[in-house]
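Novice: Below you'll find query.txt; it's compact mmCIF, C-alpha atoms and all ligand atoms.
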```txt
# COMPACT_ATOMS: atom_id res chain seq x y z
CA MET W 14 10.81 119.49 88.42
CA THR W 15 8.24 118.40 90.98
CA SER W 16 8.42 116.17 94.03
CA LEU W 17 6.00 113.33 94.26
CA SER W 18 3.43 113.56 96.96
CA PRO W 19 4.23 111.63 100.17
CA THR W 20 1.02 109.63 99.68
CA MET W 21 2.63 107.64 96.94
CA GLY W 22 5.93 107.24 98.73
CA SER W 23 4.23 105.53 101.63
CA SER W 24 2.06 103.32 99.46
CA VAL W 25 5.24 102.14 97.74
CA ASN W 26 6.77 101.13 101.05
CA ASP W 27 3.59 99.63 102.52
CA ALA W 28 3.31 97.14 99.70
CA GLY W 29 6.72 95.81 100.65
CA ILE W 30 7.64 94.62 97.21
CA GLY W 31 9.45 97.67 95.91
CA ILE W 32 12.20 97.76 93.33
CA ALA W 33 14.72 97.98 96.12
CA ASN W 34 13.76 94.50 97.34
CA LEU W 35 14.22 92.67 94.09
CA PRO W 36 17.07 90.18 94.49
CA ASN W 37 18.53 91.11 91.17
CA GLN W 38 22.08 92.01 90.46
CA ARG W 39 20.98 94.47 87.86
CA HIS W 40 19.09 96.24 90.58
CA LYS W 41 22.36 96.97 92.35
CA ILE W 42 23.80 98.47 89.19
CA VAL W 43 20.73 100.60 88.60
CA ALA W 44 20.59 101.55 92.26
CA LYS W 45 24.17 102.72 92.20
CA ARG W 46 23.88 105.14 89.33
CA GLY W 47 20.18 105.94 89.79
CA ALA W 48 17.65 105.09 87.13
CA HIS W 49 16.08 107.01 84.35
CA PHE W 50 12.58 105.86 83.65
CA THR W 51 10.69 107.17 80.65
CA VAL W 52 7.02 106.57 80.06
CA MET W 53 5.27 107.61 76.88
CA VAL W 54 1.52 107.94 76.39
CA VAL W 55 0.04 107.51 72.94
CA GLY W 56 -3.52 107.74 71.71
CA GLU W 57 -6.20 109.90 70.20
CA SER W 58 -6.77 113.22 71.90
CA GLY W 59 -9.42 113.42 74.58
CA LEU W 60 -8.93 109.85 75.82
CA GLY W 61 -7.61 111.00 79.18
CA LYS W 62 -3.86 110.65 78.65
CA SER W 63 -2.92 113.80 80.54
CA THR W 64 -5.45 113.01 83.24
CA LEU W 65 -4.04 109.53 83.78
CA ILE W 66 -0.49 110.80 84.00
CA ASN W 67 -1.51 113.29 86.62
CA THR W 68 -3.22 110.58 88.62
CA LEU W 69 -0.60 107.91 88.05
CA PHE W 70 2.23 109.99 89.35
CA SER W 71 0.00 111.99 91.72
CA THR W 72 1.17 115.32 90.58
CA GLU W 73 0.00 117.99 88.22
CA LEU W 74 2.06 118.37 85.11
CA CYS W 75 4.10 121.51 85.03
CA SER W 76 4.50 121.40 81.27
CA PRO W 77 2.36 119.46 78.85
CA LYS W 78 5.38 117.99 77.07
CA ASN W 79 7.87 116.53 79.54
CA TYR W 80 8.34 116.58 83.21
CA HIS W 81 10.74 115.00 85.63
CA PRO W 82 9.60 114.43 89.16
CA GLU W 83 12.12 112.56 91.23
CA LEU W 84 10.90 109.38 92.73
CA GLU W 85 12.80 108.45 95.84
CA GLU W 86 12.51 104.70 96.13
CA LYS W 87 14.20 103.53 99.33
CA SER W 88 17.83 103.34 98.39
CA PHE W 89 17.85 104.96 95.01
CA LYS W 90 16.41 107.72 92.97
CA VAL W 91 14.42 107.29 89.81
CA LYS W 92 14.29 110.16 87.42
CA LEU W 93 10.93 109.90 85.78
CA THR W 94 10.20 111.42 82.41
CA VAL W 95 6.76 111.38 80.88
CA ILE W 96 6.36 111.96 77.17
CA ASP W 97 2.84 113.18 76.63
CA THR W 98 2.37 112.98 72.87
CA PRO W 99 -0.24 115.02 71.09
CA GLY W 100 -3.10 112.82 69.94
CA PHE W 101 -2.86 111.09 66.63
CA GLY W 102 -5.83 110.39 64.41
CA ASP W 103 -6.78 114.05 64.74
CA TYR W 104 -5.63 115.00 61.29
CA VAL W 105 -7.15 114.71 57.86
CA ASN W 106 -4.43 112.35 56.75
CA ASN W 107 -4.38 109.90 59.63
CA ARG W 108 -1.90 107.56 58.03
CA ASP W 109 0.89 110.06 58.59
CA SER W 110 -0.07 111.00 62.09
CA TRP W 111 1.76 108.17 63.81
CA ALA W 112 5.04 108.71 61.99
CA PRO W 113 6.33 111.34 64.48
CA ILE W 114 5.62 109.00 67.38
CA ILE W 115 7.54 106.12 65.81
CA ASP W 116 10.28 108.56 64.82
CA PHE W 117 10.55 109.78 68.39
CA VAL W 118 11.12 106.26 69.70
CA ASP W 119 13.68 105.46 66.99
CA ASP W 120 15.43 108.78 67.45
CA GLN W 121 16.00 108.11 71.14
CA HIS W 122 17.67 104.79 70.28
CA GLU W 123 19.68 106.54 67.59
CA ILE W 124 20.81 109.33 69.94
CA TYR W 125 21.84 106.79 72.56
CA MET W 126 23.70 104.65 70.03
CA ARG W 127 25.64 107.66 68.74
CA GLN W 128 26.70 108.50 72.26
CA GLU W 129 27.84 104.93 72.76
CA GLN W 130 30.00 105.20 69.67
CA GLN W 131 31.81 108.22 71.05
CA PRO W 132 35.17 107.57 72.71
CA GLU W 133 34.02 109.61 75.72
CA ARG W 134 31.25 107.38 77.07
CA SER W 135 30.32 109.10 80.30
CA GLU W 136 27.17 111.16 80.97
CA LYS W 137 24.79 109.99 78.29
CA SER W 138 21.47 111.68 77.91
CA ASP W 139 18.90 108.95 77.61
CA LEU W 140 15.25 109.30 76.67
CA ARG W 141 14.75 105.77 75.43
CA VAL W 142 11.13 104.89 76.14
CA HIS W 143 10.76 102.11 78.72
CA ALA W 144 7.00 101.85 78.67
CA CYS W 145 4.51 103.04 76.12
CA LEU W 146 0.91 103.29 77.29
CA PHE W 147 -1.36 102.94 74.29
CA PHE W 148 -4.84 104.37 74.83
CA ILE W 149 -7.72 102.53 73.22
CA ARG W 150 -11.01 104.36 72.73
CA PRO W 151 -13.77 102.63 74.72
CA THR W 152 -15.95 101.84 71.70
CA GLY W 153 -16.95 98.39 72.94
CA HIS W 154 -16.14 96.91 69.52
CA THR W 155 -12.48 96.16 68.97
CA LEU W 156 -9.23 97.80 67.81
CA LYS W 157 -9.50 100.13 64.83
CA PRO W 158 -7.28 99.58 61.77
CA LEU W 159 -5.29 102.69 62.68
CA ASP W 160 -4.75 101.34 66.21
CA ILE W 161 -3.53 98.06 64.76
CA GLU W 162 -1.13 99.84 62.40
CA ILE W 163 0.53 101.90 65.09
CA MET W 164 0.49 99.16 67.73
CA LYS W 165 2.29 96.80 65.37
CA ARG W 166 5.01 99.36 64.82
CA LEU W 167 5.28 100.33 68.47
CA GLY W 168 5.33 96.75 69.72
CA THR W 169 8.56 95.92 67.91
CA ARG W 170 10.23 99.03 69.27
CA VAL W 171 9.11 99.52 72.86
CA ASN W 172 7.41 97.80 75.77
CA LEU W 173 3.85 98.35 74.60
CA ILE W 174 1.18 98.42 77.29
CA PRO W 175 -2.34 98.75 75.87
CA VAL W 176 -4.93 100.41 78.09
CA ILE W 177 -8.66 100.88 77.67
CA ALA W 178 -9.35 104.55 78.21
CA LYS W 179 -12.33 105.86 80.21
CA ALA W 180 -13.39 102.40 81.33
CA ASP W 181 -16.14 104.00 83.41
CA THR W 182 -18.09 104.66 80.19
CA LEU W 183 -18.61 100.92 79.61
CA THR W 184 -20.70 98.52 81.65
CA GLN W 185 -18.92 95.72 83.45
CA SER W 186 -20.01 93.09 80.91
CA ASP W 187 -19.29 95.28 77.88
CA LEU W 188 -15.85 95.99 79.27
CA ALA W 189 -15.12 92.29 79.74
CA LEU W 190 -16.21 91.53 76.18
CA PHE W 191 -14.24 94.48 74.81
CA LYS W 192 -11.12 93.30 76.62
CA GLN W 193 -11.53 89.81 75.24
CA ARG W 194 -11.94 91.05 71.65
CA ILE W 195 -8.91 93.29 71.94
CA ARG W 196 -6.84 90.41 73.26
CA GLU W 197 -7.95 88.23 70.33
CA THR W 198 -7.15 90.99 67.83
CA ILE W 199 -3.71 91.48 69.39
CA VAL W 200 -2.96 87.79 68.93
CA ALA W 201 -4.52 87.56 65.44
CA GLN W 202 -2.63 90.62 64.20
CA GLY W 203 0.65 89.51 65.74
CA ILE W 204 0.96 92.67 67.80
CA ARG W 205 3.76 92.47 70.33
CA VAL W 206 2.81 93.68 73.78
CA TYR W 207 4.91 93.86 76.92
CA GLN W 208 5.13 90.58 78.78
CA PRO W 209 6.15 90.91 82.41
CA ALA W 210 9.14 88.71 83.15
CA ILE W 211 8.23 85.48 84.88
CA GLU W 212 10.96 84.36 87.23
CA ALA W 213 11.06 80.58 87.32
CA ASP W 214 12.46 80.29 90.82
CA ASP W 215 10.06 82.80 92.37
CA GLU W 216 6.44 81.61 92.61
CA GLN W 217 5.19 84.90 94.00
CA SER W 218 6.62 86.97 91.18
CA ALA W 219 5.49 84.42 88.61
CA ASP W 220 1.91 84.65 89.91
CA LEU W 221 2.12 88.39 89.83
CA ALA W 222 3.35 88.42 86.23
CA ARG W 223 0.63 86.01 85.12
CA GLY W 224 -2.00 88.12 86.88
CA LEU W 225 -0.76 91.20 85.04
CA MET W 226 -0.79 89.39 81.70
CA ASN W 227 -4.38 88.29 82.29
CA ALA W 228 -5.44 91.85 83.08
CA MET W 229 -4.12 93.29 79.80
CA PRO W 230 -5.31 95.53 78.24
CA PHE W 231 -5.62 97.40 81.51
CA SER W 232 -8.88 99.24 81.88
CA ILE W 233 -8.25 102.74 83.09
CA ILE W 234 -10.23 105.42 84.80
CA GLY W 235 -8.27 108.61 85.07
CA SER W 236 -9.40 111.14 87.58
CA THR W 237 -7.76 113.85 89.55
CA GLU W 238 -10.60 114.22 92.02
CA ASP W 239 -9.76 113.21 95.55
CA VAL W 240 -12.37 111.41 97.66
CA LYS W 241 -12.18 110.49 101.31
CA THR W 242 -12.72 106.83 102.17
CA ALA W 243 -14.55 105.58 105.29
CA ASP W 244 -11.28 104.98 107.10
CA GLY W 245 -10.20 108.53 106.37
CA ARG W 246 -7.75 107.89 103.53
CA VAL W 247 -7.76 110.26 100.58
CA VAL W 248 -7.89 108.35 97.32
CA LYS W 249 -8.59 109.12 93.71
CA ALA W 250 -12.24 108.73 92.77
CA ALA W 251 -13.34 105.53 91.03
CA ILE W 252 -9.85 104.34 90.21
CA GLU W 253 -9.58 102.41 93.45
CA ASN W 254 -12.46 100.19 92.35
CA GLU W 255 -10.55 97.14 91.18
CA GLN W 256 -13.67 95.43 89.92
CA HIS W 257 -13.93 97.86 87.09
CA CYS W 258 -10.49 99.28 86.76
CA ASP W 259 -6.91 98.06 86.58
CA PHE W 260 -5.42 101.37 87.56
CA ARG W 261 -3.72 100.00 90.66
CA LYS W 262 -2.30 97.05 88.74
CA LEU W 263 -0.88 99.39 86.12
CA ARG W 264 0.57 101.79 88.66
CA SER W 265 2.12 98.97 90.60
CA LEU W 266 3.60 97.43 87.46
CA LEU W 267 5.11 100.72 86.37
CA ILE W 268 6.53 102.14 89.54
CA ARG W 269 6.93 99.15 91.80
CA THR W 270 7.13 95.61 90.54
CA HIS W 271 8.29 95.83 86.94
CA MET W 272 10.11 99.11 86.53
CA LEU W 273 13.42 97.32 86.45
CA ASP W 274 12.15 94.69 84.03
CA LEU W 275 10.89 97.45 81.74
CA ILE W 276 14.28 99.15 81.89
CA SER W 277 16.27 96.00 81.20
CA THR W 278 14.04 94.69 78.40
CA THR W 279 14.30 98.09 76.74
CA GLU W 280 18.08 97.86 76.92
CA GLU W 281 18.44 94.20 76.05
CA THR W 282 15.65 93.67 73.56
CA HIS W 283 14.42 96.88 72.00
CA TYR W 284 17.60 98.92 71.96
CA GLU W 285 19.62 95.87 70.95
CA ASN W 286 17.20 95.16 68.07
CA TYR W 287 17.52 98.73 66.86
CA ARG W 288 21.30 98.66 67.12
CA GLN W 289 21.62 95.39 65.21
CA GLN W 290 19.19 96.47 62.51
CA GLN W 291 21.12 99.67 61.99
CA MET W 292 24.44 97.81 61.90
CA GLU W 293 23.09 95.60 59.14
CA THR W 294 21.69 98.39 57.01
CA ARG W 295 24.52 100.89 57.16
CA LYS W 296 28.23 101.19 57.62
CA PHE W 297 29.71 102.38 60.87
CA GLY W 298 29.36 106.10 61.36
CA GLU W 299 27.11 106.52 58.37
CA PRO W 300 24.09 108.72 58.94
CA LYS W 301 20.76 107.09 59.51
CA VAL W 302 19.31 106.13 56.16
CA LYS W 303 15.87 104.75 56.62
CA LYS W 304 13.72 106.77 58.94
CA VAL W 305 10.59 104.66 59.13
CA GLU W 306 8.66 102.43 56.76
CA ASN W 307 5.93 104.97 56.30
CA PRO W 308 3.37 103.56 53.83
CA LYS W 309 2.81 107.05 52.44
CA PHE W 310 6.50 107.32 51.58
CA LYS W 311 6.43 103.81 50.16
CA GLU W 312 3.53 104.71 47.88
CA GLU W 313 5.26 107.87 46.74
CA GLU W 314 8.52 106.04 46.24
CA GLU W 315 6.71 103.38 44.20
CA ALA W 316 4.99 105.99 42.02
CA LEU W 317 8.27 107.81 41.53
CA ARG W 318 10.01 104.59 40.57
CA LYS W 319 7.27 103.80 38.05
CA ARG W 320 7.44 107.28 36.56
CA PHE W 321 11.21 107.02 36.35
CA THR W 322 11.05 103.63 34.61
CA GLU W 323 8.50 104.94 32.12
CA GLN W 324 10.64 107.97 31.42
CA VAL W 325 13.71 105.81 30.88
CA LYS W 326 11.74 103.59 28.51
CA ALA W 327 10.47 106.59 26.50
CA GLU W 328 13.99 108.03 26.34
CA GLU W 329 15.33 104.67 25.19
CA ALA W 330 12.71 104.45 22.44
CA ARG W 331 13.51 107.99 21.38
CA PHE W 332 17.19 107.15 21.34
CA ARG W 333 16.63 104.01 19.25
CA GLN W 334 14.60 106.00 16.75
CA TRP W 335 17.34 108.56 16.56
CA GLU W 336 19.89 105.75 16.16
CA GLN W 337 17.86 104.27 13.28
CA HIS W 338 17.64 107.69 11.77
CA LEU W 339 21.41 108.12 12.08
CA ILE W 340 22.08 104.74 10.48
CA ALA W 341 19.79 105.61 7.57
CA GLU W 342 21.46 108.99 7.27
CA ARG W 343 24.89 107.33 7.34
CA ASP W 344 23.82 104.88 4.63
CA ARG W 345 22.46 107.72 2.56
CA LEU W 346 25.68 109.70 3.00
CA ASN W 347 27.73 106.62 2.16
CA LYS W 348 25.74 106.20 -1.02
CA ASP W 349 26.23 109.89 -1.79
CA LEU W 350 29.89 109.43 -1.07
CA GLU W 351 30.05 106.40 -3.38
CA LEU W 352 28.20 108.38 -6.02
CA ALA W 353 30.56 111.29 -5.53
CA HIS W 354 33.51 108.91 -5.78
CA SER W 355 32.28 107.37 -9.00
CA THR W 356 31.52 110.86 -10.35
CA ILE W 357 35.05 111.93 -9.46
CA LYS W 358 36.40 108.76 -11.11
CA SER W 359 34.44 109.31 -14.31
CA LEU W 360 35.41 112.98 -14.32
CA GLU W 361 39.04 112.00 -13.80
CA SER W 362 38.98 109.53 -16.66
CA GLU W 363 37.20 112.16 -18.77
CA LEU W 364 39.97 114.55 -17.84
CA ASP W 365 42.58 111.94 -18.77
CA ASN W 366 40.91 111.40 -22.10
CA LEU W 367 40.73 115.12 -22.73
CA GLN W 368 44.39 115.52 -21.80
CA LEU W 369 45.27 112.65 -24.09
CA GLY W 370 43.29 114.18 -26.94
CA TYR W 371 44.82 117.62 -26.30
CA GLY W 372 48.34 116.05 -26.45
CA ARG W 373 47.67 114.48 -29.77
CA GLY W 374 46.29 117.68 -31.11
CA THR W 375 49.39 119.69 -30.22
CA GLN W 376 51.63 117.05 -31.73
CA ARG W 377 49.74 117.37 -34.99
CA ARG W 378 50.36 121.06 -35.09
N1 LIG Y 1 -15.41 109.57 81.84
C1 LIG Y 1 -14.10 109.78 81.91
N2 LIG Y 1 -13.60 110.97 81.55
C2 LIG Y 1 -12.26 111.16 81.63
C3 LIG Y 1 -11.40 110.15 82.08
N3 LIG Y 1 -10.13 110.61 82.03
C4 LIG Y 1 -10.19 111.87 81.57
N4 LIG Y 1 -11.48 112.22 81.32
C5 LIG Y 1 -11.95 113.49 80.77
O1 LIG Y 1 -11.71 113.50 79.37
C6 LIG Y 1 -11.29 114.79 78.91
C7 LIG Y 1 -9.97 114.72 78.19
O2 LIG Y 1 -8.95 114.35 79.07
P1 LIG Y 1 -7.42 114.62 78.78
O3 LIG Y 1 -6.63 114.02 79.89
O4 LIG Y 1 -7.16 116.06 78.49
O5 LIG Y 1 -7.21 113.80 77.44
P2 LIG Y 1 -5.93 113.75 76.48
O6 LIG Y 1 -6.24 114.62 75.30
O7 LIG Y 1 -5.82 112.33 76.04
O8 LIG Y 1 -4.75 114.20 77.24
C8 LIG Y 1 -11.26 115.65 80.15
O9 LIG Y 1 -12.47 116.38 80.22
C9 LIG Y 1 -11.17 114.67 81.31
O10 LIG Y 1 -11.75 115.17 82.48
C10 LIG Y 1 -11.99 108.89 82.47
O11 LIG Y 1 -11.33 107.94 82.87
N5 LIG Y 1 -13.33 108.77 82.36
MG MG Y 2 -3.33 115.67 76.73
```
Would you mind giving the structure from this file in structure tokens?

Specialist:
Amino acid sequence: MTSLSPTMGSSVNDAGIGIANLPNQRHKIVAKRGAHFTVMVVGESGLGKSTLINTLFSTELCSPKNYHPELEEKSFKVKLTVIDTPGFGDYVNNRDSWAPIIDFVDDQHEIYMRQEQQPERSEKSDLRVHACLFFIRPTGHTLKPLDIEIMKRLGTRVNLIPVIAKADTLTQSDLALFKQRIRETIVAQGIRVYQPAIEADDEQSADLARGLMNAMPFSIIGSTEDVKTADGRVVKAAIENEQHCDFRKLRSLLIRTHMLDLISTTEETHYENYRQQQMETRKFGEPKVKKVENPKFKEEEEALRKRFTEQVKAEEARFRQWEQHLIAERDRLNKDLELAHSTIKSLESELDNLQLGYGRGTQRR
């Protein structure tokens, strides 16, 4: 466990928005019990996931898997967990590489749901993912088929926040074009991405939400190098350049303006979807049946089904042949039996005749 640097604490307060200021009843509930906030990073290896996490939460990771710095936000504590997933797309069979990531998200919902079903409902452990940062390689083209596959699956399960990794490797105009293409692909492919809540009665927050929507996918420059600005502040290199990089927007969304929205949409939309889906597909208390619609499994299942059907058909044909054979055999035996019967009958009558003849003969004697 690590404490966050005071630099971030003060920047949270300076901005004056803060989660603590949101006039939301839910805030009071969260504030009372303290919040758990879980962020997951997903993307190919080498895209700067670990670097961004270090910069975003201004602390070095103590373990590459999970860590929990405590974020003291005015009146309440936020326990932050970062899930740093190993890169996907690194393996020979890429199609399978996203399955563990999807499984992880589902499993957290499952674990939470099981705890809810227990009579003793206190002290739940909760690693449901509130925000999933999806790292897009800065190719300058558009999303890759593998990206589309995994984003589709993630988007229906978590608050998906796409980011363009290493934005500093693209020129300003290439970056703008890249962003535009990604946005079009997201719409065309029906990928669900996180939409910041727009509060109808609050113009300021509505503007903010629209601004965030327009910036997506956030272009990111991750860097742990500190530089000193002219006015003596120590900031992270390059990332403060808002012309080229949406780092500040993303950080503000995550830890300041929309943390609560991310938490409540996870609870009310994503967790609720999972719960209802599971209720429909299985009886209460039954173990989880369907892990994930992995296309690899589907293919295998399909092949197995086909093989099974063929085998059944072959067995059936064999059985029918055998049946025919039995019928023929039965007919043959019946005929034999009939023959035997008639033989017996003729032998019997022969015997009768013989007996008759024998009787006469003895009488003559
Ligand atoms: N140019 C550039 N390099 C970066 C950026 N972020 C990280 N890197 C570098 O990319 C490499 C991989 O970063 P890392 O965070 O380990 O990637 P991960 O595998 O996704 O966790 C490291 O050498 C970083 O210094 C960035 O925004 N721009
Ligand atoms: Mg890493």

Novice: Could I get the residue neighbourhood of ligand MG 2 (chain Y) at 8 Å, counting only C-alpha atoms and all ligand atoms, as a list in words?

Specialist: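 The residues near ligand MG 2 (chain Y) are Ser58, Gly59, Gly61, Lys62, Ser63, Thr64, Pro77, Asp97, Thr98, Pro99 and Gly100 of chain W.
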
Novice: Would you mind telling me which residue in W:Leu60, W:Ile357, W:Ala327, W:Leu367 lies nearest to W:Thr182 when using all atoms listed in the file?

Specialist: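 Ranking W:Leu60, W:Ile357, W:Ala327, W:Leu367 by distance to W:Thr182, first place goes to W:Leu60.
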
Novice: So which residues touch stretch 49-57 of chain W within 7 Å, counting all atoms listed in the file, skipping near sequence neighbours fewer than 5 positions away, as a PyMOL selection string?

Specialist: chain W and resi 62+91-98+100-103+140-149

Novice: Show me, as a list in words, the residues that have an atom within 10 Å of W:Leu225 when counting all atoms listed in the file, minus same-chain residues fewer than 6 positions from it.

Specialist: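 Everything that qualifies: Gln208, Pro209, Ala219, Phe231, Asp259, Lys262, Leu263, Ser265 and Leu266 of chain W.
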
Novice: Quick one: write out the picked residues with C-alpha atoms as a tab-separated table (two decimals), keeping the file's coordinate frame?

Specialist:
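The resulting selection.tsv:
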```
chain	number	residue	atom	x	y	z
W	208	GLN	CA	5.13	90.58	78.78
W	209	PRO	CA	6.15	90.91	82.41
W	219	ALA	CA	5.49	84.42	88.61
W	231	PHE	CA	-5.62	97.40	81.51
W	259	ASP	CA	-6.91	98.06	86.58
W	262	LYS	CA	-2.30	97.05	88.74
W	263	LEU	CA	-0.88	99.39	86.12
W	265	SER	CA	2.12	98.97	90.60
W	266	LEU	CA	3.60	97.43	87.46
```

Novice: Can you sort out the box for ligand LIG 1 (chain Y), edges along x, y and z, all listed atoms in, 6 Å on every side, with centre and edge lengths in Å to one decimal, as JSON?

Specialist:
```
{"center_x": -10.1, "center_y": 112.2, "center_z": 79.1, "size_x": 22.7, "size_y": 20.4, "size_z": 19.6}
```

Novice: Restricting the calculation to only C-alpha atoms: of W:Asp181, W:Asp274, W:Asp187, W:Glu313, which residue gets closest to W:Ile233?

Specialist: W:Asp181

Novice: So what do you get for atom CA of W:Ile66 versus atom C1 of ligand LIG 1 (chain Y), distance-wise?

Specialist: 13.8 Å

Novice: Which is closer to ligand LIG 1 (chain Y) than all the others in W:Thr169, W:Ser232, W:Thr198, W:Thr270, using all atoms listed in the file?

Specialist: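 Checking each of W:Thr169, W:Ser232, W:Thr198, W:Thr270 against ligand LIG 1 (chain Y), counting all atoms listed in the file, the winner is W:Ser232.
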
Novice: Mind listing whatever residues come within 12 Å of the point (15.7, 99.7, 72.3)? Use all atoms listed in the file, file coordinates, and give them as a ChimeraX atom specification.

Specialist: /W:117-126,139-144,167-172,275-291

Novice: Could I see stretch 108-126 of chain W restored to N, CA and C atoms, set down as a PDB file, in the coordinates of the input?

Specialist:
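Contents of result-v5.pdb, freshly written:
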```pdb
ATOM      1  N   ARG W 108      -2.968 108.537  58.245  1.00  0.00           N
ATOM      2  CA  ARG W 108      -1.900 107.560  58.030  1.00  0.00           C
ATOM      3  C   ARG W 108      -0.538 108.123  58.419  1.00  0.00           C
ATOM      4  N   ASP W 109      -0.398 109.447  58.275  1.00  0.00           N
ATOM      5  CA  ASP W 109       0.890 110.060  58.590  1.00  0.00           C
ATOM      6  C   ASP W 109       1.035 110.409  60.060  1.00  0.00           C
ATOM      7  N   SER W 110      -0.088 110.387  60.773  1.00  0.00           N
ATOM      8  CA  SER W 110      -0.070 111.000  62.090  1.00  0.00           C
ATOM      9  C   SER W 110       0.747 110.203  63.101  1.00  0.00           C
ATOM     10  N   TRP W 111       0.958 108.909  62.829  1.00  0.00           N
ATOM     11  CA  TRP W 111       1.760 108.170  63.810  1.00  0.00           C
ATOM     12  C   TRP W 111       3.241 108.215  63.522  1.00  0.00           C
ATOM     13  N   ALA W 112       3.621 108.685  62.338  1.00  0.00           N
ATOM     14  CA  ALA W 112       5.040 108.710  61.990  1.00  0.00           C
ATOM     15  C   ALA W 112       5.906 109.464  63.015  1.00  0.00           C
ATOM     16  N   PRO W 113       5.492 110.646  63.500  1.00  0.00           N
ATOM     17  CA  PRO W 113       6.330 111.340  64.480  1.00  0.00           C
ATOM     18  C   PRO W 113       6.519 110.561  65.769  1.00  0.00           C
ATOM     19  N   ILE W 114       5.516 109.774  66.137  1.00  0.00           N
ATOM     20  CA  ILE W 114       5.620 109.000  67.380  1.00  0.00           C
ATOM     21  C   ILE W 114       6.657 107.883  67.227  1.00  0.00           C
ATOM     22  N   ILE W 115       6.566 107.170  66.093  1.00  0.00           N
ATOM     23  CA  ILE W 115       7.540 106.120  65.810  1.00  0.00           C
ATOM     24  C   ILE W 115       8.936 106.734  65.682  1.00  0.00           C
ATOM     25  N   ASP W 116       9.004 107.862  64.983  1.00  0.00           N
ATOM     26  CA  ASP W 116      10.280 108.560  64.820  1.00  0.00           C
ATOM     27  C   ASP W 116      10.887 108.912  66.175  1.00  0.00           C
ATOM     28  N   PHE W 117      10.050 109.385  67.077  1.00  0.00           N
ATOM     29  CA  PHE W 117      10.550 109.780  68.390  1.00  0.00           C
ATOM     30  C   PHE W 117      11.242 108.604  69.079  1.00  0.00           C
ATOM     31  N   VAL W 118      10.579 107.458  69.057  1.00  0.00           N
ATOM     32  CA  VAL W 118      11.120 106.260  69.700  1.00  0.00           C
ATOM     33  C   VAL W 118      12.452 105.876  69.045  1.00  0.00           C
ATOM     34  N   ASP W 119      12.457 105.817  67.717  1.00  0.00           N
ATOM     35  CA  ASP W 119      13.680 105.460  66.990  1.00  0.00           C
ATOM     36  C   ASP W 119      14.793 106.466  67.253  1.00  0.00           C
ATOM     37  N   ASP W 120      14.417 107.739  67.249  1.00  0.00           N
ATOM     38  CA  ASP W 120      15.430 108.780  67.450  1.00  0.00           C
ATOM     39  C   ASP W 120      16.121 108.651  68.797  1.00  0.00           C
ATOM     40  N   GLN W 121      15.379 108.248  69.820  1.00  0.00           N
ATOM     41  CA  GLN W 121      16.000 108.110  71.140  1.00  0.00           C
ATOM     42  C   GLN W 121      17.026 106.979  71.131  1.00  0.00           C
ATOM     43  N   HIS W 122      16.705 105.886  70.427  1.00  0.00           N
ATOM     44  CA  HIS W 122      17.670 104.790  70.280  1.00  0.00           C
ATOM     45  C   HIS W 122      18.888 105.277  69.510  1.00  0.00           C
ATOM     46  N   GLU W 123      18.616 106.024  68.447  1.00  0.00           N
ATOM     47  CA  GLU W 123      19.680 106.540  67.590  1.00  0.00           C
ATOM     48  C   GLU W 123      20.622 107.460  68.394  1.00  0.00           C
ATOM     49  N   ILE W 124      20.024 108.365  69.151  1.00  0.00           N
ATOM     50  CA  ILE W 124      20.810 109.330  69.940  1.00  0.00           C
ATOM     51  C   ILE W 124      21.685 108.575  70.948  1.00  0.00           C
ATOM     52  N   TYR W 125      21.088 107.570  71.575  1.00  0.00           N
ATOM     53  CA  TYR W 125      21.840 106.790  72.560  1.00  0.00           C
ATOM     54  C   TYR W 125      22.985 106.034  71.888  1.00  0.00           C
ATOM     55  N   MET W 126      22.690 105.441  70.744  1.00  0.00           N
ATOM     56  CA  MET W 126      23.700 104.650  70.030  1.00  0.00           C
ATOM     57  C   MET W 126      24.870 105.535  69.615  1.00  0.00           C
TER      58      MET W 126
END
```
